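Novice: Sharing a structure with you now.
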Amino acid sequence: MRRLPIAPVAVFAVAALAVAAPLAAQTAAPTAPVDRIVDEGTNRSEVMRIAQYLTDVIGARLTNSPGMRKAEAWTQDKFREWGLVNVHKEGFEFGRGWSSQGAIVRMISPRPLLLAAAPLAWTPGTSGPVTAPVVLAPLTDEASLAQYKGKLKGAIVLISEPTAPEDATDPAFKRWTEEEIAGRDKLELQNGGAAAGRPNFAARIAFAAKRDAFLKEEGAVAYATMSSRNNKLLHGQNSQYQVGATPPLPAFEIAAEDYRRLARLSKMGAAPTVEFSAANSFDDSDTKGYNIIADIPGTDAKAGYVMAGAHMDSWAMGDGAADNGAGVSMVMEAARIIRASGIKTKRTIRFALWAGEEQGLIGSMNYVETHVASRPVDKSATGIARYMGWSKGFPITPLADHAKLAAYFNIDNGSGKLRGINTQGNLAVVPIFREWLAPFASLDADHVITARTGSTDHVFFDAVGIPAFQFIQDPLDYGSTVHHTNVDTFDHLRADDMREGAIILAAMLVDAANSDKPLPRVPMATEPKPFDGAYPYQAQ
């Protein structure tokens, strides 16, 4: 915009007013909290330094692994360095620690070829290189076990049926359009009926144990699965982390392209042979996982607290950058910004870095069960099986922090730009969040939509009636490439997006901690009446 010159008379008048005004009137007004947050988060940002240490220096942070233990100590030290209080770790029973110092799988016949492969987490290693023929034996159910009885001795067994490659029709890197965000703004009515069609995780876990025992009894020397993605992406995911549930054989995930090649050679009778080794180790010195907690105290001890969190654990491949070093870095940076800005809030602001998220939100579930609310659940269920059944337990019994916890905000969708927030179907918070996000309209971060989103650490807070929210983020290459893979490294983080994200989170936390009233809550869930969609309704 072109500036107009100021006339000499106007300058004189302004100067005269300045001379005539009392000294107190010339004192600058206090800087608004949002501007102090923007200044600190823009000009003295630490978010990428935090992210680099977590990823380049510490690296992968599988729950209870050596990397996770280092991250637990380092993040506590940083919180204390910045002046936060009540910095501590809260433990919950998890299982074995595990790490891998490297693995090699190479085909030696019909021709030599190094294969892209990763050891499956929580599987044993080898005591040096092992050479074995490849046998394709998809083991998907009990009938398949009988089919391959007596055929697997001395083999490395390919236990999954290779799938054909599919065309990549979606862009590998993406930012949401305005239309796409608007299209998600739909109130989703809850259906109280049984969760038909959900996979039976307990049955899958039980079969995996039977399959592993079968392979051991048949004399197989190792097994391998096929990566679910193309382009040599690897994950190494496995959920057999409980003490006493360790698979008896070394196990690998082989890149889709290499796995298909081995399967084709096996089917055509070319009898591929591979050599493999894995330097894996277990640590049973402490079977507890730990959440990291830190507070910025409020001025009113009776006002309760608001909370922000992100999960610090990752899978063993890659460096856990987008999932979820990015979220951890933004949460930690928001804490640093608020503390460094000297902003005082009525409510305490609590920061949580969760463990065990990748195994079924175990860390945040434990926090809720310990502090916020309890539900009758199957105590024998673990991991994903317990996660799937937890929200079906009624009644909900509020605990000490249920009335104290005013809001929970979560970040766990990579390093993409924060575009707004999902309200989890909480209609009453929509105008409030629109007001709080209005200062960030120029960053295109002011979208407030009623959609529910799941599969991360706000879920159990929301399930017991706490206002709990996940931000809307640009996906970037999160879903297409980096999520849970060996290329989840610092290079895939976007610095400007993360600086903005930390600023927005800090501002939202300050608004929530200083609001006259806590955020409105949806009604406490009660056991729903089953509804099957039938019409007319059947008589009871």
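Labels for the structure tokens follow display order: chains A, B, ..., residues from 1 in each chain, ligands from 1.
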How would you write, as a PyMOL selection string, the set of residues in stretch 10-239 of chain A that DSSP gives as strand (DSSP E)?
Specialist: chain A and resi 85-93+97-109+113-115+117-119+130-136+156-158+222-226
Novice: Return the single residue from A:Ile472, A:Met524, A:Ala117, A:Leu427 that is closest to A:His447, with distances computed using only C-alpha atoms.
Specialist: A:Ile472
Novice: If I take atom CA of A:Met498 and atom CA of A:Val368, how far is one from the other in Å, to one decimal?
Specialist: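 Computing the Euclidean distance for atom CA of A:Met498 and atom CA of A:Val368 yields 27.6 Å.
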Novice: If we count only C-alpha atoms, what is near stretch 70-83 of chain A at a cut-off of 10 Å, once residues fewer than 2 positions away on the same chain are taken out, given as a PyMOL selection string?
Specialist: chain A and resi 50+53-55+57-61+64-68+85-89+289-296+312-313+328-329+332-333+335-340+351+353-355
Novice: Step one, run DSSP on the backbone; step two, keep only residues of stretch 110-268 of chain A assigned to alpha helix (DSSP H); then write them as a ChimeraX atom specification.
Specialist: /A:142-147,178-183,201-217,256-267
Novice: List as number ranges by chain the protein and nucleic acid residues near stretch 137-154 of chain A, meaning an atom at most 9 Å away when only C-alpha atoms are counted, but skip any in the same chain fewer than 2 places from it.
Specialist: A: 132-133, 135, 156-162, 207, 210-211, 214-215, 217-222
Novice: Dump all heavy atoms for the selected residues as a compact mmCIF listing (two decimals), in the first residue's frame?
Specialist:
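This is the output file again-v6.txt:
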```txt
# COMPACT_ATOMS: atom_id res chain seq x y z
N ALA A 132 20.04 -70.09 4.08
CA ALA A 132 18.87 -70.98 4.06
C ALA A 132 18.12 -70.83 2.75
O ALA A 132 18.13 -69.76 2.13
CB ALA A 132 17.93 -70.64 5.22
N PRO A 133 17.47 -71.92 2.30
CA PRO A 133 16.60 -71.80 1.13
C PRO A 133 15.32 -71.05 1.48
O PRO A 133 14.88 -71.05 2.63
CB PRO A 133 16.29 -73.26 0.78
CG PRO A 133 16.40 -73.98 2.09
CD PRO A 133 17.49 -73.28 2.84
N VAL A 135 11.32 -70.60 1.20
CA VAL A 135 10.08 -71.33 0.94
C VAL A 135 8.93 -70.35 1.07
O VAL A 135 8.79 -69.68 2.10
CB VAL A 135 9.88 -72.50 1.92
CG1 VAL A 135 8.50 -73.13 1.73
CG2 VAL A 135 10.98 -73.54 1.74
N ILE A 156 14.04 -70.27 5.39
CA ILE A 156 13.50 -68.97 5.74
C ILE A 156 12.16 -68.88 5.00
O ILE A 156 12.11 -69.01 3.77
CB ILE A 156 14.44 -67.80 5.39
CG1 ILE A 156 13.75 -66.46 5.74
CG2 ILE A 156 14.91 -67.83 3.95
CD1 ILE A 156 14.66 -65.25 5.65
N VAL A 157 11.09 -68.69 5.74
CA VAL A 157 9.74 -68.85 5.21
C VAL A 157 9.13 -67.49 4.91
O VAL A 157 9.11 -66.60 5.78
CB VAL A 157 8.85 -69.61 6.22
CG1 VAL A 157 7.46 -69.83 5.63
CG2 VAL A 157 9.49 -70.93 6.61
N LEU A 158 8.67 -67.32 3.69
CA LEU A 158 7.93 -66.11 3.32
C LEU A 158 6.47 -66.35 3.70
O LEU A 158 5.76 -67.11 3.05
CB LEU A 158 8.04 -65.84 1.82
CG LEU A 158 9.45 -65.77 1.23
CD1 LEU A 158 9.38 -65.36 -0.25
CD2 LEU A 158 10.35 -64.81 2.01
N ILE A 159 6.00 -65.70 4.79
CA ILE A 159 4.72 -66.08 5.37
C ILE A 159 3.53 -65.28 4.85
O ILE A 159 2.40 -65.57 5.20
CB ILE A 159 4.75 -65.99 6.91
CG1 ILE A 159 4.92 -64.54 7.36
CG2 ILE A 159 5.83 -66.89 7.49
CD1 ILE A 159 4.71 -64.34 8.84
N SER A 160 3.77 -64.26 4.02
CA SER A 160 2.65 -63.49 3.46
C SER A 160 2.59 -63.67 1.95
O SER A 160 3.62 -63.78 1.28
CB SER A 160 2.76 -62.01 3.82
OG SER A 160 4.04 -61.50 3.54
N GLU A 161 1.37 -63.74 1.44
CA GLU A 161 1.17 -63.87 0.00
C GLU A 161 1.53 -62.55 -0.67
O GLU A 161 1.03 -61.50 -0.28
CB GLU A 161 -0.28 -64.21 -0.30
CG GLU A 161 -0.59 -64.42 -1.77
CD GLU A 161 0.04 -65.69 -2.34
OE1 GLU A 161 -0.07 -66.75 -1.70
OE2 GLU A 161 0.66 -65.60 -3.42
N PRO A 162 2.43 -62.55 -1.67
CA PRO A 162 2.78 -61.28 -2.31
C PRO A 162 1.60 -60.68 -3.05
O PRO A 162 0.85 -61.39 -3.73
CB PRO A 162 3.91 -61.68 -3.28
CG PRO A 162 3.71 -63.14 -3.52
CD PRO A 162 3.15 -63.70 -2.25
N PHE A 207 -3.23 -66.07 17.00
CA PHE A 207 -2.76 -66.85 15.85
C PHE A 207 -1.27 -66.63 15.60
O PHE A 207 -0.55 -67.56 15.24
CB PHE A 207 -3.55 -66.51 14.59
CG PHE A 207 -2.99 -67.17 13.36
CD1 PHE A 207 -3.15 -68.54 13.16
CD2 PHE A 207 -2.26 -66.44 12.42
CE1 PHE A 207 -2.61 -69.17 12.05
CE2 PHE A 207 -1.72 -67.06 11.31
CZ PHE A 207 -1.89 -68.43 11.12
N LYS A 210 0.60 -68.95 17.69
CA LYS A 210 0.51 -70.32 17.17
C LYS A 210 1.39 -70.49 15.93
O LYS A 210 2.06 -71.50 15.77
CB LYS A 210 -0.93 -70.66 16.84
CG LYS A 210 -1.83 -70.84 18.04
CD LYS A 210 -3.24 -71.22 17.60
CE LYS A 210 -4.16 -71.41 18.80
NZ LYS A 210 -5.54 -71.76 18.38
N ARG A 211 1.37 -69.49 15.06
CA ARG A 211 2.19 -69.55 13.84
C ARG A 211 3.67 -69.63 14.19
O ARG A 211 4.42 -70.43 13.62
CB ARG A 211 1.90 -68.31 13.00
CG ARG A 211 2.70 -68.20 11.71
CD ARG A 211 2.76 -66.74 11.28
NE ARG A 211 3.50 -65.93 12.22
CZ ARG A 211 3.32 -64.61 12.39
NH1 ARG A 211 2.39 -63.97 11.70
NH2 ARG A 211 4.04 -63.95 13.27
N PHE A 214 4.52 -72.99 15.52
CA PHE A 214 4.52 -73.95 14.42
C PHE A 214 5.82 -73.89 13.63
O PHE A 214 6.43 -74.92 13.30
CB PHE A 214 3.31 -73.68 13.52
CG PHE A 214 3.30 -74.46 12.23
CD1 PHE A 214 2.91 -75.79 12.21
CD2 PHE A 214 3.69 -73.87 11.03
CE1 PHE A 214 2.90 -76.52 11.03
CE2 PHE A 214 3.69 -74.58 9.84
CZ PHE A 214 3.29 -75.91 9.84
N LEU A 215 6.26 -72.68 13.28
CA LEU A 215 7.50 -72.52 12.52
C LEU A 215 8.69 -73.09 13.29
O LEU A 215 9.57 -73.75 12.70
CB LEU A 215 7.73 -71.03 12.23
CG LEU A 215 6.79 -70.39 11.19
CD1 LEU A 215 6.91 -68.88 11.22
CD2 LEU A 215 7.10 -70.92 9.79
N GLU A 217 8.58 -75.47 15.62
CA GLU A 217 8.45 -76.93 15.67
C GLU A 217 8.81 -77.58 14.34
O GLU A 217 9.37 -78.69 14.31
CB GLU A 217 7.01 -77.31 16.04
CG GLU A 217 6.64 -76.96 17.47
CD GLU A 217 5.14 -77.05 17.71
OE1 GLU A 217 4.41 -77.44 16.76
OE2 GLU A 217 4.70 -76.72 18.82
N GLU A 218 8.52 -76.89 13.23
CA GLU A 218 8.81 -77.44 11.90
C GLU A 218 10.27 -77.29 11.50
O GLU A 218 10.67 -77.79 10.44
CB GLU A 218 7.92 -76.76 10.86
CG GLU A 218 6.45 -77.12 10.96
CD GLU A 218 6.22 -78.61 10.73
OE1 GLU A 218 6.60 -79.09 9.64
OE2 GLU A 218 5.68 -79.29 11.62
N GLY A 219 11.05 -76.59 12.32
CA GLY A 219 12.47 -76.47 12.03
C GLY A 219 12.84 -75.33 11.10
O GLY A 219 13.96 -75.31 10.56
N ALA A 220 11.94 -74.38 10.88
CA ALA A 220 12.30 -73.20 10.10
C ALA A 220 13.36 -72.41 10.85
O ALA A 220 13.43 -72.45 12.09
CB ALA A 220 11.06 -72.33 9.86
N VAL A 221 14.20 -71.69 10.12
CA VAL A 221 15.28 -70.93 10.77
C VAL A 221 14.96 -69.45 10.90
O VAL A 221 15.60 -68.74 11.67
CB VAL A 221 16.62 -71.12 10.02
CG1 VAL A 221 17.06 -72.58 10.11
CG2 VAL A 221 16.51 -70.68 8.57
N ALA A 222 13.97 -68.95 10.14
CA ALA A 222 13.54 -67.55 10.21
C ALA A 222 12.30 -67.41 9.34
O ALA A 222 11.94 -68.32 8.59
CB ALA A 222 14.64 -66.60 9.71
```
Novice: I'd like the contact shell of A:Lys346 - 9 Å cut-off, only C-alpha atoms, skipping same-chain residues fewer than 4 positions apart - returned as a ChimeraX atom specification.
Specialist: /A:297-301,303-305,513-515
Novice: So that I can check the surroundings of stretch 246-255 of chain A, please list as number ranges by chain every protein, DNA and RNA residue that reaches within 9 Å of it, counting only C-alpha atoms and ignoring chain neighbours fewer than 5 positions away.
Specialist: A: 96, 103, 105, 115-126, 156, 208-209, 212-213, 215-216, 220-237, 240-241, 260, 277-278
Novice: Would you mind telling me which residue in A:Phe469, A:Trp315, A:Trp390, A:Phe461 lies nearest to A:Asn426 when using only C-alpha atoms?
Specialist: A:Phe469
Novice: Using only C-alpha atoms, which residues sit within 7 Å of A:Met508 once same-chain residues fewer than 4 positions away are excluded, as a VMD selection string?
Specialist: chain A and resid 436 504 512
Novice: Grab the atom CA of A:Pro376 to atom CA of A:Ala245 distance for me, in Å with one decimal place.
Specialist: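 If I compute the distance from atom CA of A:Pro376 to atom CA of A:Ala245, I get 25.0 Å.
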Novice: Could you work out how far atom CA of A:His371 lies from atom CA of A:Ile449, giving the answer in Å with one decimal?
Specialist: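 Between atom CA of A:Ile449 and atom CA of A:His371 the gap works out to 28.9 Å.
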Novice: For A:Leu114, which residue among A:Thr456, A:Glu275, A:Arg386, A:Phe173 is the nearest when counting only C-alpha atoms?
Specialist: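 Going through A:Thr456, A:Glu275, A:Arg386, A:Phe173 one by one, the smallest distance to A:Leu114 is for A:Glu275.
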